[in-house]
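J.: Below is one structure. I have some questions about it.
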Amino acid sequence: MDMREGNIGTRRNGPPCLVQSCAMAEAREEETVSAEASGFSDLSDSEFLEFLDLEDDEKLCASLSKPGSSSELPEKDDKPLSLQNWKRELDVLSPMERFHLKYLYVTDLTTQSWCELQMAYEKELPGDLKPEKAAVLNTGASIHLARELELHDLVTISVTTKEDAWAIKFLNILSMIPTLQSEGRIREFPVFGEVEGMFLVGVIDELHYTAKGELELTELKTRKRPMLPLAAQKKKDCFQVSLYKCIFDAMVQGKVTPASLIQHTKLCPDKPLGPSVLRHAQQGGFSVKSLGDLLELVFLSLTLSDLPVIDTLKIEYIHQETATVLGTDTVAFDEKEVRGKVQHYMAYWMGHREPQGVDVEEAWKCRTCNYKNICEWRKSGGVLSSALEPQHKKAK
């Protein structure tokens with residue numbers, strides 16, 4: 001894991017308020033702490049798709065079934081890796097097992113909803129972001145950070161274990177709950193819990209009470225061009241905020257338990273907190289020594305806070321360059337539909353089926369995909385080739 005640092009914040013003119021960590025530190029345990037801990041990895045892929053020229057979508061759709069130029073994947077260990085051999089290797093273990101994952105991030109599922117096969121390629125064959133895409137992400141992250149700083153300041157904290165990284169999430173929650181109740185607005189709120197048997201982790205951009213006293217979630221999406229995203233992009237964003245509601249509601253309703261958290265994350269509750277985390281926890285008025293102490297306080301706070309479930313879901317699209325609000329969408333929450341999607345996506349992660357590509361109608365997504373030249377789904381016209389045909393696997 002990369003050596004990183006975490007950030008804790010303090011509210012202006014008020015008591016300490018711990019906010020979402022911007023990064024994590026190296027941990028000896030073989031587990032990668034996702035960049036979503038910063039709250040910035042929830043940026044929509046809609047920013048990336050600004051680079052598309054959508055005028056010739058029909059031409060691209062027509063070319064979807066044409067054979068590609070290569071069926072060779074990028075070299076691995078100095079040896080060309082054929083797609084067929086690659087797939088045989090993948091059939092041995094489920095994606096959760098291959099990537100040593102104990103849980104998923106909300107953005108894993110939303111990326112999957114965009115193009116499942118692209119996500120699978122990215123997991124197996126990760127590459128560097130193109131400069132223009134990196135620039136878009138950096139600009140979006142800066143806008144998110146600016147909004148966050150409107151409510152609190154940030155203080156850097158060094159962390160050394162995954163327990164420390166999670167401790168910062170817990171400290172943030174303990175600070176934000178009373179702030180939401182007293183001031184009516186918080187940003188970068190960590191959430192975690194099970195949805196259809198899969199443990200998910202995420203960060204909500206903003207929670208606030210409306211004039212009617214309803215709790216509203218607002219997700220910020222930045223746009224490189226001053227135009228609203230396409231329907232497919234909006235669908236992905238709607239799925240994201242719907243997942244946040246499922247998880248948050250379960251947290252405040254007492255449906256998320258410490259036992260479930262420990263089981264899925266494999267955290268050690270008895271492990272002492274690092275000196276930096278411990279010092280800031282004590283400065284915030286929390287008399288704790290271990291992660292388990294914080295865990296107990298978090299679930300007690302969630303139980304006694306009387307926080308309501310989220311009433312309204314909104315997505316705000318703003319132009320990166322001018323900060324102009326391009327539009328705000330209100331999302332109709334359909335729990336049955338959301339859970340059905342999660343079940344479908346979980347089948348891939350558990351190894352019960354192979355990844356699927358996009359429908360022909362959404363072939364324009366392929367234009368910015370780094371894997372379009374090796375994608376068997378694209379070359380075979382939207383169906384699995386013999387090398388990619390799913391093998392029936394026993395439920396694990």
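To be explicit about the labels: the chains of the structure tokens are called A, B, and onward in the order shown, and within each one the residues are counted from 1, while ligands get numbers from 1 in the order they are shown.
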List the spatial neighbours of A:Trp114 as a PyMOL selection string - criterion: any atom at most 9 Å away, only C-alpha atoms, same-chain residues fewer than 2 positions off excluded.

T.: chain A and resi 45+109-112+116+118-119+232-233+235-236+358+365

J.: Any chance you can output those residues with all heavy atoms as a compact mmCIF listing (two decimals), in the first residue's frame?

T.:
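This went into again_39.txt:
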# COMPACT_ATOMS: atom_id res chain seq x y z
N ASP A 45 -18.43 9.31 -13.78
CA ASP A 45 -17.77 9.10 -15.05
C ASP A 45 -18.30 10.05 -16.11
O ASP A 45 -17.74 10.15 -17.19
CB ASP A 45 -18.01 7.66 -15.53
CG ASP A 45 -17.07 6.69 -14.86
OD1 ASP A 45 -16.10 7.15 -14.25
OD2 ASP A 45 -17.31 5.48 -14.94
N LEU A 109 -19.78 -0.61 -7.59
CA LEU A 109 -21.04 -1.02 -8.21
C LEU A 109 -21.52 -0.02 -9.24
O LEU A 109 -22.10 -0.40 -10.26
CB LEU A 109 -22.12 -1.22 -7.14
CG LEU A 109 -21.90 -2.36 -6.13
CD1 LEU A 109 -23.18 -2.62 -5.35
CD2 LEU A 109 -21.43 -3.63 -6.81
N THR A 110 -21.31 1.27 -9.00
CA THR A 110 -21.75 2.26 -9.98
C THR A 110 -20.90 2.19 -11.25
O THR A 110 -21.41 2.35 -12.36
CB THR A 110 -21.72 3.68 -9.39
OG1 THR A 110 -20.40 3.97 -8.90
CG2 THR A 110 -22.71 3.81 -8.25
N THR A 111 -19.62 1.92 -11.10
CA THR A 111 -18.76 1.71 -12.27
C THR A 111 -19.21 0.46 -13.02
O THR A 111 -19.23 0.43 -14.25
CB THR A 111 -17.29 1.56 -11.84
OG1 THR A 111 -16.88 2.73 -11.15
CG2 THR A 111 -16.39 1.36 -13.05
N GLN A 112 -19.58 -0.55 -12.27
CA GLN A 112 -20.08 -1.79 -12.85
C GLN A 112 -21.36 -1.56 -13.65
O GLN A 112 -21.58 -2.16 -14.70
CB GLN A 112 -20.33 -2.79 -11.73
CG GLN A 112 -20.64 -4.21 -12.18
CD GLN A 112 -20.75 -5.14 -10.98
OE1 GLN A 112 -20.61 -4.72 -9.83
NE2 GLN A 112 -21.00 -6.40 -11.25
N GLU A 116 -19.90 -3.31 -17.12
CA GLU A 116 -19.34 -4.32 -16.24
C GLU A 116 -18.05 -4.90 -16.79
O GLU A 116 -17.09 -5.15 -16.04
CB GLU A 116 -20.37 -5.44 -16.05
CG GLU A 116 -19.99 -6.46 -15.00
CD GLU A 116 -21.12 -7.43 -14.73
OE1 GLU A 116 -21.48 -8.20 -15.64
OE2 GLU A 116 -21.67 -7.39 -13.61
N GLN A 118 -15.88 -3.44 -18.81
CA GLN A 118 -14.81 -2.45 -18.68
C GLN A 118 -14.26 -2.46 -17.26
O GLN A 118 -13.04 -2.41 -17.06
CB GLN A 118 -15.34 -1.06 -19.01
CG GLN A 118 -14.28 0.03 -18.93
CD GLN A 118 -14.87 1.42 -19.05
OE1 GLN A 118 -15.66 1.84 -18.20
NE2 GLN A 118 -14.52 2.13 -20.11
N MET A 119 -15.14 -2.54 -16.28
CA MET A 119 -14.71 -2.59 -14.89
C MET A 119 -13.85 -3.82 -14.63
O MET A 119 -12.82 -3.76 -13.94
CB MET A 119 -15.91 -2.59 -13.96
CG MET A 119 -15.55 -2.60 -12.49
SD MET A 119 -16.76 -3.50 -11.49
CE MET A 119 -16.62 -5.16 -12.14
N ALA A 232 -27.96 7.83 -19.82
CA ALA A 232 -27.20 6.69 -19.29
C ALA A 232 -26.32 7.10 -18.11
O ALA A 232 -26.15 6.36 -17.14
CB ALA A 232 -26.35 6.06 -20.39
N GLN A 233 -25.76 8.30 -18.21
CA GLN A 233 -24.91 8.81 -17.13
C GLN A 233 -25.74 9.15 -15.90
O GLN A 233 -25.35 8.89 -14.77
CB GLN A 233 -24.14 10.02 -17.64
CG GLN A 233 -23.22 9.69 -18.82
CD GLN A 233 -22.89 10.92 -19.64
OE1 GLN A 233 -23.61 11.91 -19.65
NE2 GLN A 233 -21.77 10.87 -20.34
N LYS A 235 -28.50 7.77 -15.09
CA LYS A 235 -28.95 6.50 -14.51
C LYS A 235 -27.92 5.94 -13.54
O LYS A 235 -28.24 5.45 -12.47
CB LYS A 235 -29.21 5.50 -15.65
CG LYS A 235 -29.78 4.16 -15.19
CD LYS A 235 -30.05 3.27 -16.39
CE LYS A 235 -30.60 1.91 -15.96
NZ LYS A 235 -30.85 1.02 -17.13
N LYS A 236 -26.66 6.06 -13.94
CA LYS A 236 -25.55 5.61 -13.08
C LYS A 236 -25.51 6.43 -11.79
O LYS A 236 -25.34 5.90 -10.69
CB LYS A 236 -24.25 5.74 -13.85
CG LYS A 236 -22.98 5.47 -13.06
CD LYS A 236 -21.78 5.60 -13.99
CE LYS A 236 -20.47 5.42 -13.26
NZ LYS A 236 -20.17 6.58 -12.39
N VAL A 358 -21.82 -3.69 -22.70
CA VAL A 358 -22.97 -2.81 -22.86
C VAL A 358 -23.88 -3.30 -23.99
O VAL A 358 -23.46 -4.07 -24.86
CB VAL A 358 -22.53 -1.37 -23.16
CG1 VAL A 358 -21.72 -0.81 -22.00
CG2 VAL A 358 -21.73 -1.30 -24.46
N LYS A 365 -20.33 4.25 -25.46
CA LYS A 365 -19.48 4.21 -24.27
C LYS A 365 -18.09 3.64 -24.61
O LYS A 365 -17.11 3.95 -23.93
CB LYS A 365 -20.12 3.36 -23.18
CG LYS A 365 -21.40 3.91 -22.59
CD LYS A 365 -21.96 2.97 -21.53
CE LYS A 365 -23.24 3.51 -20.91
NZ LYS A 365 -23.79 2.59 -19.88

J.: Set the distance at 8 Å and use only C-alpha atoms: which residues neighbour A:Ser276 once local chain neighbours fewer than 3 positions away are removed? I'd like the list as an NGL selection string.

T.: :A and (157-159 or 279-280)

J.: Can I get the selection written as a compact mmCIF listing (two decimals), in the first residue's frame, with N, CA, C and O atoms?

T.:
# COMPACT_ATOMS: atom_id res chain seq x y z
N ILE A 157 -3.44 14.00 9.77
CA ILE A 157 -3.14 12.99 10.79
C ILE A 157 -2.46 11.80 10.12
O ILE A 157 -2.90 11.34 9.07
N SER A 158 -1.40 11.31 10.71
CA SER A 158 -0.71 10.13 10.21
C SER A 158 -1.38 8.87 10.76
O SER A 158 -1.72 8.80 11.94
N VAL A 159 -1.59 7.89 9.88
CA VAL A 159 -2.15 6.62 10.30
C VAL A 159 -1.24 5.50 9.83
O VAL A 159 -0.56 5.63 8.81
N ARG A 279 -4.51 10.82 19.92
CA ARG A 279 -4.40 12.20 20.42
C ARG A 279 -5.57 13.05 19.93
O ARG A 279 -6.18 13.80 20.71
N HIS A 280 -5.92 12.93 18.66
CA HIS A 280 -7.02 13.73 18.13
C HIS A 280 -8.37 13.26 18.66
O HIS A 280 -9.28 14.06 18.84

J.: Quote the spacing between atom CA of A:Val331 and atom CA of A:Lys212 in Å to one decimal place.

T.: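 Atom-to-atom, atom CA of A:Val331 to atom CA of A:Lys212, that is 18.1 Å.
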
J.: For A:Gly213, please output as a PDB file with N, CA and C atoms, in the first residue's frame all residues within 10 Å (counting only C-alpha atoms; exclusion window: fewer than 3 positions along the same chain).

T.:
ATOM      1  N   GLY A 184     -27.858  21.401  11.045  1.00  0.00           N
ATOM      2  CA  GLY A 184     -28.689  21.039   9.911  1.00  0.00           C
ATOM      3  C   GLY A 184     -27.992  20.700   8.623  1.00  0.00           C
ATOM      4  N   HIS A 208     -28.581  17.363   4.587  1.00  0.00           N
ATOM      5  CA  HIS A 208     -29.087  18.569   5.243  1.00  0.00           C
ATOM      6  C   HIS A 208     -30.599  18.459   5.425  1.00  0.00           C
ATOM      7  N   TYR A 209     -31.099  19.223   6.366  1.00  0.00           N
ATOM      8  CA  TYR A 209     -32.537  19.278   6.599  1.00  0.00           C
ATOM      9  C   TYR A 209     -33.143  20.387   5.754  1.00  0.00           C
ATOM     10  N   THR A 210     -34.276  20.100   5.158  1.00  0.00           N
ATOM     11  CA  THR A 210     -34.994  21.100   4.366  1.00  0.00           C
ATOM     12  C   THR A 210     -35.852  21.967   5.285  1.00  0.00           C
ATOM     13  N   GLU A 216     -32.405  15.468   3.505  1.00  0.00           N
ATOM     14  CA  GLU A 216     -32.156  15.418   2.064  1.00  0.00           C
ATOM     15  C   GLU A 216     -30.695  15.107   1.785  1.00  0.00           C
ATOM     16  N   ASP A 311     -35.150  11.307   3.267  1.00  0.00           N
ATOM     17  CA  ASP A 311     -36.439  11.521   2.605  1.00  0.00           C
ATOM     18  C   ASP A 311     -36.308  11.820   1.114  1.00  0.00           C
TER      19      ASP A 311
END

J.: Which one of A:Met251, A:Ile374, A:Cys366, A:Ala167 sits closest to A:Cys115 if you count only C-alpha atoms?

T.: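 Of all the options, A:Cys366 lies closest to A:Cys115.
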
J.: Grab the atom CA of A:Val277 to atom CA of A:Ile173 distance for me, in Å with one decimal place.

T.: 14.5 Å

J.: Between A:Leu171, A:Lys162, A:Ala363, A:Gly197, which is the closest to A:Met346 once you count only C-alpha atoms?

T.: A:Gly197

J.: Skipping near chain neighbours, those fewer than 6 positions away, what residues fall within 10 Å of A:Thr265 using only C-alpha atoms, listed as a ChimeraX atom specification?

T.: /A:31,101-103,162-163,166,199

J.: Which neighbours of A:Gln253 fall inside 12 Å, counting only C-alpha atoms, when residues of the same chain fewer than 2 positions from it are skipped, and could you give them as a ChimeraX atom specification?

T.: /A:193,245-251,255-257,299-310
